[in-house]
Amino acid sequence: MAATSGFAAVLAIASLLCLTIAPTRGALQVGFYKGKCNRTDVEGTVKSIVAARFARDRTIVPALLRLHFHDCFVRGCDASILIDGSGTEKTAPPNLSVRGYDLIDQAKTQLERACPGVVSCADIIAIATRDAVVLGGGTQYTYAVQTGRRDGNISLASDASKNLPGASLNASQAIAAFRAKGLSASYTVLLLGAHTVGITHCSFIRNRLYNYNGTGKPDPDMDPAFVAMLRKRCPQTSAVDNSVFLDNGTPSTVDNSYYKQLLAKRGVLKVDQNLAMDAATNGTVKSLASGSLSFPSLFGNAMVKMGSIQVLTGAQGQIRKSCRAVNK
């Protein structure tokens, strides 16, 4: 039965690989800004800004991935996470450690000078994230970004707290949360592959290391040697909440090492490790780890799919003058 379900999972994700992402998704399209910004190359402008930041700070890759994800899962990909103010999405607990706002501001400022009121903040997030992924993983991670999004006018902390899935979910709960956004189980596995880079903190995993489900013991689904290693980084009582790499194989590179770590029972977060154990996702994890399914191609497809969640287009929303404030 397990073999059958695993084969079905591989077939499902293989069908994604065979599908070429269409040049348009709704009103989004590749090359939306061509000829619209007074001879300025919109995507080239964003790319140069991301490259300059990456040259001095490789952590911009997970920062932008997280920013894009947290934006799209709350009211869709409308840059509502960028709005400043009391009670906005930025102030919600899951977003307090989100970074990358200044890079988006830098790109927006430069593009506003070239063509005021043309390029949306939502599109800048999507373009910048793609460019960061390519820098972090190589040219095989290149994918065409569909643009034409407009910016939202509403940003509520309560929406963020309600819609952003937590690190303590199991695979079934994660699949349900992603499905609510129109993303399949296969897309769930692929998008969580963003954990190939980035960090978490000891406070989010300490229960797995010392008192899993109140047992007084570590999570039995973790490699004991890995538990011992993480305990050194995360003492049971500590005044400092240390950071922990989500991928302890190649923590600064976008690649399929994350899936290999899961099969070795070295998943840091519960939701990650559970992907390798759940019948609905195990086959996909194995195929991505072995390379029989192409993580670079499929991850790009998944990012395009996520980037189309509840987008505003046409006359909807607005093109903000500043990404931090709704136009008056």
# chains A, B, ... in the order shown; residues from 1 in each chain; ligands from 1
>>> residues_around(residues="stretch 152-168 of chain A", least_positions_apart="6", cutoff="6 Å", atoms="only C-alpha atoms", output="mmCIF file with C-alpha atoms, in the first residue's frame")
data_model
loop_
_atom_site.group_PDB
_atom_site.id
_atom_site.type_symbol
_atom_site.label_atom_id
_atom_site.label_comp_id
_atom_site.auth_asym_id
_atom_site.auth_seq_id
_atom_site.Cartn_x
_atom_site.Cartn_y
_atom_site.Cartn_z
ATOM 1 C CA VAL A 74 -2.240 36.721 3.608
ATOM 2 C CA ASP A 78 -0.517 42.129 -2.959
ATOM 3 C CA SER A 80 0.149 44.136 2.017
ATOM 4 C CA GLY A 87 -2.043 46.767 13.593
ATOM 5 C CA THR A 88 -0.696 46.024 10.088
ATOM 6 C CA GLU A 89 0.615 42.630 8.965
ATOM 7 C CA THR A 91 3.171 43.802 13.524
ATOM 8 C CA ALA A 92 1.785 40.241 13.671
ATOM 9 C CA LYS A 270 8.370 19.042 12.919
ATOM 10 C CA GLY A 317 -6.006 47.808 -5.885
ATOM 11 C CA VAL A 326 -1.407 53.260 0.789
#
>>> residues_around(residues="A:Gln140", least_positions_apart="6", cutoff="12 Å", atoms="only C-alpha atoms", output="PyMOL selection string")
chain A and resi 130-131+133-134+254-255+294-300
>>> write_last_selection(atoms="C-alpha atoms", output="short mmCIF file (atom, residue, chain, number, x, y, z; two decimals), in the first residue's frame")
data_model
loop_
_atom_site.label_atom_id
_atom_site.label_comp_id
_atom_site.auth_asym_id
_atom_site.auth_seq_id
_atom_site.Cartn_x
_atom_site.Cartn_y
_atom_site.Cartn_z
CA ARG A 130 13.34 34.93 -8.14
CA ASP A 131 16.64 36.74 -8.54
CA VAL A 133 16.85 32.13 -5.63
CA VAL A 134 18.99 32.09 -8.79
CA VAL A 254 19.47 26.50 -2.74
CA ASP A 255 19.55 22.78 -3.63
CA SER A 294 14.23 18.02 -10.83
CA PHE A 295 14.02 20.31 -7.82
CA PRO A 296 15.25 23.39 -9.77
CA SER A 297 12.53 23.09 -12.44
CA LEU A 298 9.74 22.13 -10.08
CA PHE A 299 10.62 24.72 -7.45
CA GLY A 300 10.38 27.45 -10.09
#
>>> residues_around(residues="A:Ala194", least_positions_apart="5", cutoff="10 Å", atoms="only C-alpha atoms", output="number ranges by chain")
A: 61-62, 65-66, 69, 133, 189, 246-247, 254-256, 258, 299, 303
>>> write_last_selection(atoms="C-alpha atoms", output="PDB file, in the first residue's frame")
ATOM      1  CA  VAL A  61      17.909  34.671  -0.145  1.00  0.00           C
ATOM      2  CA  PRO A  62      15.897  33.164   2.740  1.00  0.00           C
ATOM      3  CA  LEU A  65      11.678  33.833   0.162  1.00  0.00           C
ATOM      4  CA  ARG A  66      10.041  34.292   3.539  1.00  0.00           C
ATOM      5  CA  PHE A  69       5.593  33.570   1.195  1.00  0.00           C
ATOM      6  CA  VAL A 133      16.851  32.130  -5.626  1.00  0.00           C
ATOM      7  CA  VAL A 189       6.507  19.710  -0.516  1.00  0.00           C
ATOM      8  CA  LEU A 246      17.061  24.549   8.646  1.00  0.00           C
ATOM      9  CA  ASP A 247      19.308  22.559   6.288  1.00  0.00           C
ATOM     10  CA  VAL A 254      19.469  26.495  -2.744  1.00  0.00           C
ATOM     11  CA  ASP A 255      19.546  22.783  -3.629  1.00  0.00           C
ATOM     12  CA  ASN A 256      17.881  19.443  -2.844  1.00  0.00           C
ATOM     13  CA  TYR A 258      16.948  19.669   2.408  1.00  0.00           C
ATOM     14  CA  PHE A 299      10.624  24.723  -7.455  1.00  0.00           C
ATOM     15  CA  MET A 303       7.015  29.720  -6.992  1.00  0.00           C
TER      16      MET A 303
END
>>> select_by_dssp(residues="stretch 162-313 of chain A", states="strand (DSSP E or B)", output="JSON, numbers by chain")
{"A": [199, 200, 201, 243, 244, 245, 312]}
>>> select_by_dssp(residues="stretch 92-278 of chain A", states="alpha helix (DSSP H)", output="PyMOL selection string")
chain A and resi 101-114+121-137+157-163+171-179+185-192+202-210+224-233+257-263+270-275
>>> residues_around(residues="A:Arg324", least_positions_apart="6", cutoff="7 Å", atoms="only C-alpha atoms", output="list of chain:residue names")
A:Leu82, A:Ile83, A:Asp84
>>> closest_residue(among="A:Asn301, A:Thr215, A:Ala185, A:Lys36", to="A:Asn282", atoms="only C-alpha atoms")
A:Ala185
